$ cat final-v3.tsv   # TSV, C-alpha atoms
chain	number	residue	atom	x	y	z
A	160	MET	CA	-21.38	-3.96	-10.28
A	161	LYS	CA	-18.28	-4.68	-8.36
A	162	LEU	CA	-16.72	-8.04	-9.23
A	163	ARG	CA	-16.07	-8.94	-5.64
A	164	LEU	CA	-13.29	-11.54	-5.76
A	165	PHE	CA	-9.97	-9.82	-5.30
A	166	ALA	CA	-8.63	-12.05	-2.59
A	167	GLY	CA	-4.92	-11.64	-2.12
A	168	VAL	CA	-4.75	-8.14	-3.55
A	169	SER	CA	-2.59	-6.09	-1.20
A	170	ALA	CA	-5.14	-3.56	-0.07
A	171	LEU	CA	-4.43	-2.15	3.36
A	172	VAL	CA	-7.31	0.24	3.09
A	173	VAL	CA	-7.91	3.03	5.54
A	174	THR	CA	-11.18	2.82	7.39
A	175	ALA	CA	-11.30	6.22	9.03
A	176	GLY	CA	-13.93	8.78	8.19
A	177	LEU	CA	-16.94	6.56	7.59
A	178	SER	CA	-19.29	9.28	8.65
A	179	ALA	CA	-22.63	9.87	7.05
A	180	CYS	CA	-22.60	12.10	4.03
A	181	SER	CA	-21.51	15.63	4.74
A	182	SER	CA	-19.84	18.01	2.37
A	183	SER	CA	-16.64	19.54	3.70
A	184	SER	CA	-16.48	23.23	4.22
A	185	ASP	CA	-13.59	25.08	2.67
A	186	ALA	CA	-10.26	24.52	4.37
A	187	SER	CA	-8.78	27.19	6.63
A	188	ASP	CA	-6.10	28.07	4.07
A	189	GLY	CA	-8.75	29.10	1.55
A	190	SER	CA	-8.57	25.96	-0.58
A	191	THR	CA	-11.68	24.03	-1.61
A	192	ALA	CA	-12.15	20.82	0.35
A	193	ILE	CA	-13.99	17.99	-1.40
A	194	ASP	CA	-15.35	14.79	0.11
A	195	VAL	CA	-14.68	11.64	-1.91
A	196	TRP	CA	-16.19	8.20	-1.29
A	197	LEU	CA	-14.11	5.32	-2.60
A	198	MET	CA	-14.96	1.69	-1.98
A	199	ARG	CA	-13.10	-0.88	0.07
A	200	ASP	CA	-10.49	-2.73	-2.03
A	201	SER	CA	-10.75	-0.10	-4.73
A	202	VAL	CA	-7.29	1.22	-3.87
A	203	SER	CA	-4.51	0.30	-1.49
A	204	ASP	CA	-3.47	2.60	1.31
A	205	ARG	CA	-0.20	3.34	-0.52
A	206	PHE	CA	-1.90	4.16	-3.82
A	207	GLN	CA	-4.44	6.41	-2.12
A	208	LYS	CA	-1.77	8.37	-0.28
A	209	ASP	CA	0.39	8.71	-3.41
A	210	PHE	CA	-2.50	9.90	-5.54
A	211	VAL	CA	-3.84	12.42	-3.02
A	212	LYS	CA	-0.36	13.82	-2.39
A	213	SER	CA	0.29	14.25	-6.12
A	214	PHE	CA	-3.19	15.61	-6.78
A	215	GLU	CA	-2.98	18.24	-4.06
A	216	ALA	CA	0.51	19.24	-5.18
A	217	ALA	CA	-0.76	19.74	-8.74
A	218	HIS	CA	-3.93	21.48	-7.51
A	219	PRO	CA	-3.00	23.39	-4.33
A	220	ASP	CA	-6.41	25.05	-4.33
A	221	ILE	CA	-8.17	21.70	-3.74
A	222	GLU	CA	-8.02	19.48	-0.65
A	223	ALA	CA	-9.23	15.91	-1.25
A	224	LYS	CA	-10.70	14.12	1.75
A	225	VAL	CA	-11.07	10.45	0.81
A	226	GLN	CA	-13.34	8.21	2.86
A	227	ILE	CA	-13.46	4.43	2.34
A	228	GLN	CA	-16.93	2.90	2.24
A	229	GLU	CA	-18.14	-0.69	2.59
A	230	TRP	CA	-19.86	-2.46	-0.30
A	231	ASP	CA	-22.54	-3.99	1.90
A	232	GLY	CA	-25.42	-1.53	2.05
A	233	ILE	CA	-23.73	1.06	-0.17
A	234	GLY	CA	-26.71	1.31	-2.54
A	235	GLU	CA	-29.00	2.47	0.23
A	236	LYS	CA	-26.35	4.80	1.64
A	237	VAL	CA	-25.74	6.50	-1.72
A	238	THR	CA	-29.47	6.79	-2.38
A	239	ALA	CA	-29.96	8.47	0.98
A	240	ALA	CA	-27.01	10.80	0.39
A	241	LEU	CA	-28.30	11.88	-3.02
A	242	ALA	CA	-31.78	12.50	-1.63
A	243	SER	CA	-30.52	14.46	1.36
A	244	GLY	CA	-28.91	17.24	-0.64
A	245	ASP	CA	-25.83	16.79	1.58
A	246	ALA	CA	-23.91	14.29	-0.55
A	247	PRO	CA	-20.15	13.90	-0.96
A	248	ASP	CA	-18.61	15.54	-4.01
A	249	VAL	CA	-17.33	12.39	-5.74
A	250	ILE	CA	-18.67	8.86	-5.33
A	251	GLU	CA	-17.33	5.56	-6.61
A	252	THR	CA	-20.20	3.28	-7.56
A	253	GLY	CA	-20.48	-0.15	-9.12
A	254	ASN	CA	-20.85	0.24	-12.87
A	255	THR	CA	-24.30	-1.36	-12.99
A	256	GLN	CA	-25.59	0.87	-10.17
A	257	VAL	CA	-25.23	4.12	-12.09
A	258	ALA	CA	-28.61	3.91	-13.84
A	259	GLN	CA	-30.37	3.44	-10.51
A	260	PHE	CA	-28.82	6.62	-9.11
A	261	ALA	CA	-29.16	8.63	-12.33
A	262	GLN	CA	-32.87	7.87	-12.55
A	263	SER	CA	-33.46	9.85	-9.37
A	264	GLY	CA	-31.91	12.96	-10.91
A	265	GLY	CA	-29.19	12.98	-8.29
A	266	LEU	CA	-26.17	12.73	-10.62
A	267	LEU	CA	-24.45	15.38	-12.70
A	268	ASP	CA	-24.66	14.90	-16.47
A	269	LEU	CA	-21.05	14.65	-17.71
A	270	SER	CA	-21.82	14.03	-21.38
A	271	ASP	CA	-19.96	17.16	-22.44
A	272	LYS	CA	-16.77	15.82	-20.83
A	273	VAL	CA	-16.62	12.50	-22.71
A	274	GLY	CA	-14.41	13.81	-25.52
A	275	GLU	CA	-12.00	15.52	-23.15
A	276	LEU	CA	-11.66	12.33	-21.12
A	277	GLY	CA	-10.94	10.11	-24.14
A	278	GLY	CA	-14.28	8.38	-24.00
A	279	GLU	CA	-13.90	6.87	-27.47
A	280	ASP	CA	-11.46	4.36	-25.94
A	281	TRP	CA	-13.40	3.51	-22.78
A	282	LEU	CA	-14.24	-0.11	-22.06
A	283	LYS	CA	-17.81	-0.73	-23.17
A	284	GLY	CA	-18.59	-2.69	-20.02
A	285	LEU	CA	-17.90	0.43	-17.94
A	286	ALA	CA	-19.03	3.20	-20.28
A	287	GLU	CA	-22.38	1.77	-21.36
A	288	PRO	CA	-23.80	1.13	-17.87
A	289	GLY	CA	-22.41	4.53	-16.85
A	290	ALA	CA	-24.91	6.14	-19.21
A	291	HIS	CA	-28.66	6.49	-18.73
A	292	GLU	CA	-31.19	7.61	-21.32
A	293	GLY	CA	-28.46	8.82	-23.65
A	294	LYS	CA	-26.52	10.85	-21.08
A	295	GLN	CA	-23.18	9.96	-19.49
A	296	TYR	CA	-23.23	10.13	-15.70
A	297	GLY	CA	-20.55	7.60	-14.74
A	298	ILE	CA	-16.91	8.02	-15.74
A	299	PRO	CA	-15.17	4.62	-16.09
A	300	TYR	CA	-12.75	4.04	-13.20
A	301	TYR	CA	-11.42	0.46	-13.40
A	302	ALA	CA	-12.57	-2.96	-14.54
A	303	ALA	CA	-12.22	-6.60	-13.66
A	304	ASN	CA	-13.64	-9.67	-15.33
A	305	ARG	CA	-13.46	-13.41	-15.32
A	306	VAL	CA	-10.72	-15.50	-16.89
A	307	VAL	CA	-9.86	-19.20	-16.84
A	308	ILE	CA	-7.55	-20.16	-13.98
A	309	TYR	CA	-5.87	-23.45	-14.77
A	310	ARG	CA	-3.45	-25.96	-13.30
A	311	THR	CA	-0.26	-25.81	-15.35
A	312	ASP	CA	0.90	-29.24	-14.14
A	313	LEU	CA	-2.36	-31.00	-14.98
A	314	PHE	CA	-2.43	-29.39	-18.43
A	315	ARG	CA	1.14	-30.52	-19.06
A	316	GLU	CA	0.43	-34.09	-17.91
A	317	ALA	CA	-2.62	-34.24	-20.21
A	318	GLY	CA	-0.64	-32.87	-23.14
A	319	VAL	CA	-2.78	-29.74	-23.37
A	320	ASP	CA	-1.19	-26.46	-24.43
A	321	PRO	CA	-3.28	-23.53	-23.13
A	322	ALA	CA	-1.77	-21.27	-25.79
A	323	GLU	CA	-3.62	-23.35	-28.39
A	324	ILE	CA	-7.04	-22.89	-26.78
A	325	LYS	CA	-8.45	-20.01	-28.81
A	326	THR	CA	-12.00	-21.15	-29.53
A	327	ARG	CA	-14.84	-22.62	-27.52
A	328	ASP	CA	-14.62	-25.88	-29.48
A	329	GLN	CA	-10.91	-26.17	-28.66
A	330	TRP	CA	-11.75	-25.45	-25.01
A	331	ILE	CA	-14.28	-28.29	-24.94
A	332	THR	CA	-11.80	-30.70	-26.55
A	333	ALA	CA	-9.09	-29.80	-24.06
A	334	THR	CA	-11.44	-29.99	-21.08
A	335	ARG	CA	-12.62	-33.45	-22.11
A	336	ARG	CA	-9.01	-34.62	-22.15
A	337	LEU	CA	-8.43	-33.14	-18.71
A	338	ASN	CA	-11.62	-34.67	-17.29
A	339	SER	CA	-10.22	-38.10	-16.50
A	340	GLY	CA	-9.54	-40.26	-13.48
A	341	GLY	CA	-10.14	-38.31	-10.32
A	342	THR	CA	-9.55	-34.93	-11.98
A	343	GLN	CA	-12.40	-32.63	-12.97
A	344	GLY	CA	-11.75	-31.04	-16.34
A	345	ILE	CA	-13.47	-27.93	-15.03
A	346	TYR	CA	-15.34	-27.02	-11.88
A	347	LEU	CA	-18.31	-24.96	-13.06
A	348	PRO	CA	-21.17	-24.59	-10.57
A	349	GLY	CA	-24.54	-24.82	-12.25
A	350	GLN	CA	-25.74	-21.37	-11.19
A	351	ASN	CA	-22.70	-19.40	-12.36
A	352	TRP	CA	-24.96	-17.09	-14.33
A	353	TYR	CA	-22.37	-14.43	-15.16
A	354	THR	CA	-20.34	-17.04	-17.05
A	355	PHE	CA	-23.52	-18.24	-18.76
A	356	ALA	CA	-24.33	-14.65	-19.79
A	357	GLY	CA	-21.04	-14.45	-21.68
A	358	PHE	CA	-22.01	-17.44	-23.81
A	359	VAL	CA	-25.39	-15.86	-24.55
A	360	TRP	CA	-23.65	-12.66	-25.67
A	361	ASP	CA	-21.24	-14.69	-27.80
A	362	GLU	CA	-24.22	-16.05	-29.68
A	363	GLY	CA	-25.64	-12.58	-30.29
A	364	GLY	CA	-28.33	-12.85	-27.63
A	365	ASP	CA	-29.01	-10.96	-24.42
A	366	LEU	CA	-30.62	-11.50	-21.03
A	367	ALA	CA	-33.34	-8.95	-21.73
A	368	THR	CA	-34.23	-6.43	-24.43
A	369	GLU	CA	-36.08	-3.12	-24.40
A	370	SER	CA	-38.80	-1.92	-26.74
A	371	GLY	CA	-41.02	1.11	-26.32
A	372	GLY	CA	-39.83	1.73	-22.79
A	373	ARG	CA	-40.69	-1.78	-21.61
A	374	TRP	CA	-38.17	-4.53	-20.88
A	375	LYS	CA	-38.68	-8.17	-21.77
A	376	GLY	CA	-36.67	-11.22	-20.78
A	377	SER	CA	-35.00	-12.80	-23.80
A	378	LEU	CA	-33.58	-16.08	-22.52
A	379	ASP	CA	-35.95	-17.91	-24.86
A	380	THR	CA	-34.45	-16.54	-28.09
A	381	PRO	CA	-32.58	-18.96	-30.36
A	382	GLU	CA	-29.32	-17.15	-29.58
A	383	ALA	CA	-29.77	-17.46	-25.82
A	384	ILE	CA	-30.77	-21.11	-26.16
A	385	ARG	CA	-27.51	-21.79	-28.01
A	386	GLY	CA	-25.62	-20.13	-25.17
A	387	MET	CA	-27.42	-22.46	-22.74
A	388	GLU	CA	-26.49	-25.50	-24.81
A	389	PHE	CA	-22.81	-24.60	-24.66
A	390	TYR	CA	-22.99	-23.88	-20.94
A	391	LYS	CA	-24.54	-27.30	-20.33
A	392	LYS	CA	-21.87	-29.03	-22.41
A	393	LEU	CA	-19.04	-27.30	-20.55
A	394	GLN	CA	-20.58	-27.77	-17.11
A	395	SER	CA	-20.89	-31.51	-17.67
A	396	LEU	CA	-17.09	-31.87	-17.91
A	397	GLY	CA	-16.72	-31.71	-14.15
A	398	ARG	CA	-18.66	-32.39	-11.00
A	399	GLY	CA	-19.81	-28.89	-10.13
A	400	PRO	CA	-23.15	-28.79	-8.27
A	401	LYS	CA	-26.12	-28.03	-10.48
A	402	ASP	CA	-28.10	-26.19	-7.81
A	403	SER	CA	-25.65	-23.65	-6.37
A	404	ASP	CA	-23.29	-20.91	-7.49
A	405	GLU	CA	-19.54	-20.26	-7.29
A	406	ALA	CA	-19.78	-19.07	-3.69
A	407	ASN	CA	-21.48	-22.20	-2.32
A	408	PRO	CA	-19.05	-23.79	-1.75
A	409	PRO	CA	-16.36	-21.26	-2.68
A	410	GLN	CA	-14.93	-22.55	-5.95
A	411	ALA	CA	-11.39	-21.52	-5.03
A	412	ASP	CA	-11.64	-23.79	-1.99
A	413	VAL	CA	-12.70	-26.67	-4.23
A	414	MET	CA	-9.79	-26.09	-6.61
A	415	ALA	CA	-7.39	-25.98	-3.68
A	416	LYS	CA	-8.16	-29.62	-2.93
A	417	GLY	CA	-6.04	-30.49	-5.97
A	418	LYS	CA	-8.45	-32.31	-8.26
A	419	VAL	CA	-9.70	-29.49	-10.47
A	420	ALA	CA	-7.99	-28.49	-13.71
A	421	GLN	CA	-9.86	-25.19	-14.33
A	422	ILE	CA	-12.25	-22.68	-12.83
A	423	VAL	CA	-13.76	-19.49	-14.26
A	424	SER	CA	-12.96	-16.64	-11.90
A	425	SER	CA	-11.34	-13.26	-11.54
A	426	PRO	CA	-7.55	-13.72	-11.24
A	427	GLY	CA	-7.68	-12.96	-7.52
A	428	GLY	CA	-9.18	-16.42	-7.06
A	429	ALA	CA	-5.73	-17.89	-7.69
A	430	ASN	CA	-4.45	-16.24	-4.53
A	431	THR	CA	-7.20	-17.88	-2.50
A	432	VAL	CA	-6.37	-21.27	-4.01
A	433	VAL	CA	-2.73	-20.92	-2.99
A	434	GLU	CA	-3.62	-19.64	0.47
A	435	ASN	CA	-5.65	-22.81	1.02
A	436	ASN	CA	-3.05	-25.10	-0.58
A	437	PRO	CA	0.49	-23.64	-0.68
A	438	ALA	CA	1.64	-26.68	-2.67
A	439	LEU	CA	-0.10	-25.16	-5.69
A	440	LYS	CA	2.10	-22.07	-5.70
A	441	ASP	CA	3.60	-21.58	-9.18
A	442	LYS	CA	1.18	-24.19	-10.57
A	443	LEU	CA	-1.59	-21.84	-11.66
A	444	GLY	CA	-1.94	-19.98	-14.95
A	445	PHE	CA	-4.51	-17.82	-16.72
A	446	PHE	CA	-6.03	-17.46	-20.17
A	447	PRO	CA	-8.99	-15.44	-21.49
A	448	ILE	CA	-12.32	-17.20	-21.84
A	449	PRO	CA	-12.27	-18.43	-25.45
A	450	GLY	CA	-14.70	-17.09	-28.04
A	451	LYS	CA	-16.58	-18.77	-30.87
A	452	THR	CA	-13.76	-17.91	-33.27
A	453	ALA	CA	-10.03	-17.55	-32.72
A	454	ASP	CA	-9.92	-13.88	-33.60
A	455	THR	CA	-12.31	-12.73	-30.83
A	456	PRO	CA	-12.15	-13.67	-27.13
A	457	GLY	CA	-15.30	-14.73	-25.36
A	458	ALA	CA	-17.69	-12.07	-24.12
A	459	VAL	CA	-17.42	-11.48	-20.38
A	460	PHE	CA	-19.33	-9.59	-17.76
A	461	THR	CA	-17.31	-6.52	-16.87
A	462	GLY	CA	-17.34	-5.83	-13.17
A	463	GLY	CA	-15.82	-2.66	-11.83
A	464	SER	CA	-16.62	0.90	-10.95
A	465	ASP	CA	-17.47	4.33	-12.30
A	466	LEU	CA	-17.01	7.70	-10.62
A	467	VAL	CA	-20.01	10.02	-10.36
A	468	ILE	CA	-20.59	13.57	-9.14
A	469	PRO	CA	-23.83	14.34	-7.26
A	470	THR	CA	-25.88	17.27	-8.44
A	471	ALA	CA	-26.05	18.32	-4.77
A	472	SER	CA	-22.30	18.98	-4.70
A	473	ALA	CA	-21.52	22.68	-4.37
A	474	LYS	CA	-17.99	22.02	-5.61
A	475	GLN	CA	-18.57	20.35	-8.93
A	476	ASP	CA	-15.61	21.94	-10.71
A	477	ALA	CA	-13.17	20.69	-8.08
A	478	ALA	CA	-14.91	17.31	-8.04
A	479	TYR	CA	-14.56	17.02	-11.80
A	480	THR	CA	-10.86	17.88	-11.57
A	481	PHE	CA	-10.44	14.98	-9.13
A	482	VAL	CA	-12.34	12.60	-11.42
A	483	ARG	CA	-10.35	13.72	-14.47
A	484	GLU	CA	-7.02	13.07	-12.75
A	485	LEU	CA	-7.93	9.68	-11.25
A	486	THR	CA	-9.39	8.38	-14.53
A	487	GLY	CA	-6.64	9.87	-16.70
A	488	ASP	CA	-3.98	7.79	-18.41
A	489	THR	CA	-1.16	8.44	-15.93
A	490	TRP	CA	-2.98	7.29	-12.83
A	491	GLN	CA	-4.93	4.56	-14.63
A	492	LYS	CA	-1.64	2.88	-15.51
A	493	LYS	CA	-0.42	3.16	-11.94
A	494	LEU	CA	-3.71	1.85	-10.56
A	495	ALA	CA	-3.66	-1.14	-12.91
A	496	VAL	CA	-0.17	-2.14	-11.79
A	497	ALA	CA	-0.82	-1.51	-8.10
A	498	MET	CA	-4.13	-3.37	-7.90
A	499	SER	CA	-4.02	-5.81	-10.86
A	500	TYR	CA	-7.05	-4.12	-12.40
A	501	VAL	CA	-7.89	-3.53	-16.04
A	502	PRO	CA	-7.50	0.17	-16.95
A	503	ASN	CA	-10.57	2.05	-18.13
A	504	LYS	CA	-9.39	2.32	-21.75
A	505	THR	CA	-8.57	-0.34	-24.32
A	506	THR	CA	-5.50	1.71	-25.29
A	507	LEU	CA	-3.95	1.19	-21.83
A	508	SER	CA	-3.97	-2.61	-21.71
A	509	ASP	CA	-0.16	-2.76	-22.06
A	510	ALA	CA	0.08	-1.40	-18.51
A	511	VAL	CA	-0.63	-4.88	-17.14
A	512	ALA	CA	1.38	-6.85	-19.70
A	513	ALA	CA	3.74	-8.16	-17.01
A	514	ASP	CA	0.88	-9.41	-14.80
A	515	PRO	CA	-0.36	-12.78	-16.18
A	516	GLY	CA	-3.78	-12.62	-14.55
A	517	ALA	CA	-4.45	-8.97	-15.28
A	518	SER	CA	-3.21	-9.24	-18.87
A	519	ALA	CA	-5.60	-12.16	-19.47
A	520	MET	CA	-8.37	-10.00	-18.01
A	521	ALA	CA	-7.44	-7.13	-20.31
A	522	VAL	CA	-7.85	-9.34	-23.38
A	523	GLY	CA	-11.33	-10.34	-22.27
A	524	ALA	CA	-12.24	-6.81	-21.23
A	525	ALA	CA	-12.16	-5.76	-24.87
A	526	GLU	CA	-15.31	-7.88	-25.27
A	527	GLY	CA	-16.75	-6.86	-21.92
A	528	ARG	CA	-20.46	-6.38	-21.43
A	529	ALA	CA	-22.78	-5.40	-18.61
A	530	THR	CA	-26.22	-6.46	-17.51
A	531	PRO	CA	-29.21	-4.57	-19.01
A	532	ASN	CA	-28.79	-0.88	-18.35
A	533	THR	CA	-31.93	-0.11	-16.40
A	534	PRO	CA	-32.82	0.40	-12.73
A	535	GLY	CA	-35.23	-2.53	-13.04
A	536	TRP	CA	-32.38	-5.02	-13.33
A	537	ALA	CA	-31.83	-4.85	-9.57
A	538	ALA	CA	-35.18	-6.61	-9.09
A	539	VAL	CA	-34.03	-9.45	-11.36
A	540	GLU	CA	-30.86	-10.03	-9.36
A	541	ALA	CA	-32.81	-9.92	-6.11
A	542	LYS	CA	-34.80	-13.06	-7.01
A	543	ASN	CA	-32.58	-14.24	-9.86
A	544	PRO	CA	-34.77	-16.54	-11.95
A	545	ILE	CA	-31.73	-17.06	-14.21
A	546	LYS	CA	-30.16	-19.26	-11.54
A	547	ASP	CA	-33.35	-21.31	-11.28
A	548	TYR	CA	-33.40	-21.64	-15.06
A	549	LEU	CA	-29.85	-22.98	-15.19
A	550	THR	CA	-30.54	-25.55	-12.49
A	551	ALA	CA	-33.76	-26.66	-14.19
A	552	VAL	CA	-32.03	-27.31	-17.52
A	553	LEU	CA	-28.94	-28.93	-16.01
A	554	THR	CA	-31.15	-31.35	-14.08
A	555	GLY	CA	-33.03	-32.48	-17.18
A	556	GLY	CA	-35.59	-29.78	-17.93
A	557	ASP	CA	-36.43	-28.80	-21.50
A	558	ALA	CA	-34.31	-25.76	-22.35
A	559	ARG	CA	-36.97	-24.01	-24.43
A	560	LYS	CA	-39.77	-24.47	-21.94
A	561	GLU	CA	-37.60	-23.47	-19.00
A	562	ALA	CA	-36.22	-20.48	-20.92
A	563	ALA	CA	-39.74	-19.25	-21.66
A	564	ARG	CA	-40.65	-19.55	-18.00
A	565	ALA	CA	-37.47	-17.71	-16.92
A	566	SER	CA	-37.95	-14.98	-19.51
A	567	GLU	CA	-41.44	-14.33	-18.19
A	568	ALA	CA	-40.05	-14.06	-14.64
A	569	VAL	CA	-37.36	-11.62	-15.81
A	570	THR	CA	-39.99	-9.52	-17.60
A	571	THR	CA	-42.17	-9.34	-14.51
A	572	ALA	CA	-39.26	-8.38	-12.26
A	573	MET	CA	-37.88	-5.70	-14.57
A	574	ASN	CA	-41.23	-3.97	-14.96
A	575	SER	CA	-42.44	-4.38	-11.41
A	576	GLY	CA	-41.73	-0.74	-10.61
A	577	THR	CA	-43.25	0.74	-13.75
$ encode --input "final-v3.tsv" --output "structure tokens"
Amino acid sequence: MKLRLFAGVSALVVTAGLSACSSSSDASDGSTAIDVWLMRDSVSDRFQKDFVKSFEAAHPDIEAKVQIQEWDGIGEKVTAALASGDAPDVIETGNTQVAQFAQSGGLLDLSDKVGELGGEDWLKGLAEPGAHEGKQYGIPYYAANRVVIYRTDLFREAGVDPAEIKTRDQWITATRRLNSGGTQGIYLPGQNWYTFAGFVWDEGGDLATESGGRWKGSLDTPEAIRGMEFYKKLQSLGRGPKDSDEANPPQADVMAKGKVAQIVSSPGGANTVVENNPALKDKLGFFPIPGKTADTPGAVFTGGSDLVIPTASAKQDAAYTFVRELTGDTWQKKLAVAMSYVPNKTTLSDAVAADPGASAMAVGAAEGRATPNTPGWAAVEAKNPIKDYLTAVLTGGDARKEAARASEAVTTAMNSGT
């Protein structure tokens, strides 16, 4: 799933060529022309041009025709393309969408390429959802995840050193100190379920588990309940609404009003804060979401993308060459710097060392996770009983009873198509 908060990223993306799927015929000079679908805000216009120019110079027998697609409605568009037999040759897809497309049989199995591509170092949050039933279909492209964006001036005034916040207990202590007067220690909307999921994972729990081919909601396990207890404690140290998520109202807009010490967001949220309140320029910092112990950062949901090759492509060798180059170390480093993304391998995190927001993301990405790797998860997000569960507990409901009810709803949704 694309983590869709990259406001402020300089992405002057080309919009030409948004035709329905159609594989290019070979170019007039005898080279092989491949159609590539990349998503809006995936790359800047400059990066795209630089990569294509370099790629075609290194591979003069391949012409890469990149088309930029919109995120809204992309699932249906890709599904139709795969079913038509007239799909593009390379498609960028949200990491948690891969299983849905692989289930249809429309994606090329790339398991035999994992070693060549350095798969042992891939981020788990991209690699794991890129696989389906033991086969690797999605090649990790880039990642993004949530960090803590904080007000440096408010921390200083409260005598809080962010460098000393390494554990969740230390985070709570610091946030309590910041939560005074008219300042919210943290603005955490009650239905921010991705943040909640990280706390569940920290405790060793999960949102759902699979056994014998059937999925079951697991919000009612002791581990998940402990994650809920921490979420409730943290959420209480501010005045975030208990019945809405980070988009309603936009949390960056709330922070821009000047009375919030912290939010949990992708680093791009800082740009939105400053756009709404220029007085906060140079007053925002970042640190990874703390873990239970100082030696391990908090688990985070890894948003981002994988690259896939449709089985319908008649130019799979050329398509794979494109994927190999774009996900290789050289261009991953350049992409990370250009777009403030996390590279697809843990071994490349130094590429964003000079970018405070991206480097904080990279630390968290090492503990990145994804939602349950099954096509049935889409039905859960459509109704999202997890949000209802969070609101119920935050407004006084019994955590165990509400968790049991939510787990049952997750189970029903995940198995509705089986």
$ residues_around --input "final-v3.tsv" --residues "A:Glu323" --least-positions-apart "2" --cutoff "12 Å" --atoms "only C-alpha atoms" --output "PyMOL selection string"
chain A and resi 314+318-321+325-330+332-333+446-447+449+453
$ closest_residue --input "final-v3.tsv" --among "A:Lys375, A:Lys283, A:Lys493, A:Lys401" --to "A:Asp509" --atoms "only C-alpha atoms"
A:Lys493
$ residues_around --input "final-v3.tsv" --residues "stretch 494-497 of chain A" --least-positions-apart "3" --cutoff "8 Å" --atoms "all atoms listed in the file" --output "PDB file with C-alpha atoms, in the coordinates of the input"
ATOM      1  CA  VAL A 202      -7.290   1.220  -3.870  1.00  0.00           C
ATOM      2  CA  SER A 203      -4.510   0.300  -1.490  1.00  0.00           C
ATOM      3  CA  PHE A 206      -1.900   4.160  -3.820  1.00  0.00           C
ATOM      4  CA  TYR A 301     -11.420   0.460 -13.400  1.00  0.00           C
ATOM      5  CA  TRP A 490      -2.980   7.290 -12.830  1.00  0.00           C
ATOM      6  CA  GLN A 491      -4.930   4.560 -14.630  1.00  0.00           C
ATOM      7  CA  TYR A 500      -7.050  -4.120 -12.400  1.00  0.00           C
ATOM      8  CA  VAL A 501      -7.890  -3.530 -16.040  1.00  0.00           C
ATOM      9  CA  PRO A 502      -7.500   0.170 -16.950  1.00  0.00           C
ATOM     10  CA  ALA A 510       0.080  -1.400 -18.510  1.00  0.00           C
ATOM     11  CA  VAL A 511      -0.630  -4.880 -17.140  1.00  0.00           C
ATOM     12  CA  ASP A 514       0.880  -9.410 -14.800  1.00  0.00           C
TER      13      ASP A 514
END
$ residues_around --input "final-v3.tsv" --residues "A:Gly376" --least-positions-apart "5" --cutoff "7 Å" --atoms "all atoms listed in the file" --output "list in words"
Leu366, Ala367, Thr368, Ser566, Glu567, Val569 and Thr570 of chain A
$ closest_atom_pairs --input "final-v3.tsv" --of "stretch 518-548 of chain A" --to "stretch 341-358 of chain A" --cutoff "9 Å" --atoms "only C-alpha atoms" --output "JSON lines"
{"residue": "A:Gly527", "atom": "CA", "partner": "A:Gly357", "partner_atom": "CA", "distance": 8.7}
{"residue": "A:Arg528", "atom": "CA", "partner": "A:Gly357", "partner_atom": "CA", "distance": 8.1}
{"residue": "A:Thr530", "atom": "CA", "partner": "A:Ala356", "partner_atom": "CA", "distance": 8.7}
{"residue": "A:Ile545", "atom": "CA", "partner": "A:Trp352", "partner_atom": "CA", "distance": 6.8}
{"residue": "A:Lys546", "atom": "CA", "partner": "A:Gln350", "partner_atom": "CA", "distance": 4.9}
{"residue": "A:Asp547", "atom": "CA", "partner": "A:Gln350", "partner_atom": "CA", "distance": 7.6}
{"residue": "A:Tyr548", "atom": "CA", "partner": "A:Gln350", "partner_atom": "CA", "distance": 8.6}
$ write_last_selection --input "final-v3.tsv" --atoms "C-alpha atoms" --output "PDB file, in the coordinates of the input"
ATOM      1  CA  GLY A 527     -16.750  -6.860 -21.920  1.00  0.00           C
ATOM      2  CA  ARG A 528     -20.460  -6.380 -21.430  1.00  0.00           C
ATOM      3  CA  THR A 530     -26.220  -6.460 -17.510  1.00  0.00           C
ATOM      4  CA  ILE A 545     -31.730 -17.060 -14.210  1.00  0.00           C
ATOM      5  CA  LYS A 546     -30.160 -19.260 -11.540  1.00  0.00           C
ATOM      6  CA  ASP A 547     -33.350 -21.310 -11.280  1.00  0.00           C
ATOM      7  CA  TYR A 548     -33.400 -21.640 -15.060  1.00  0.00           C
TER       8      TYR A 548
END
$ atom_distance --input "final-v3.tsv" --atom1 "atom CA of A:Tyr300" --atom2 "atom CA of A:Ser472"
19.7 Å
$ closest_residue --input "final-v3.tsv" --among "A:Ala519, A:Ile448, A:Val433, A:Ala565" --to "A:Val552" --atoms "only C-alpha atoms"
A:Ala565
$ closest_residue --input "final-v3.tsv" --among "A:Met498, A:Leu313, A:Ala525, A:Ala477" --to "A:Gln421" --atoms "all atoms listed in the file"
A:Leu313
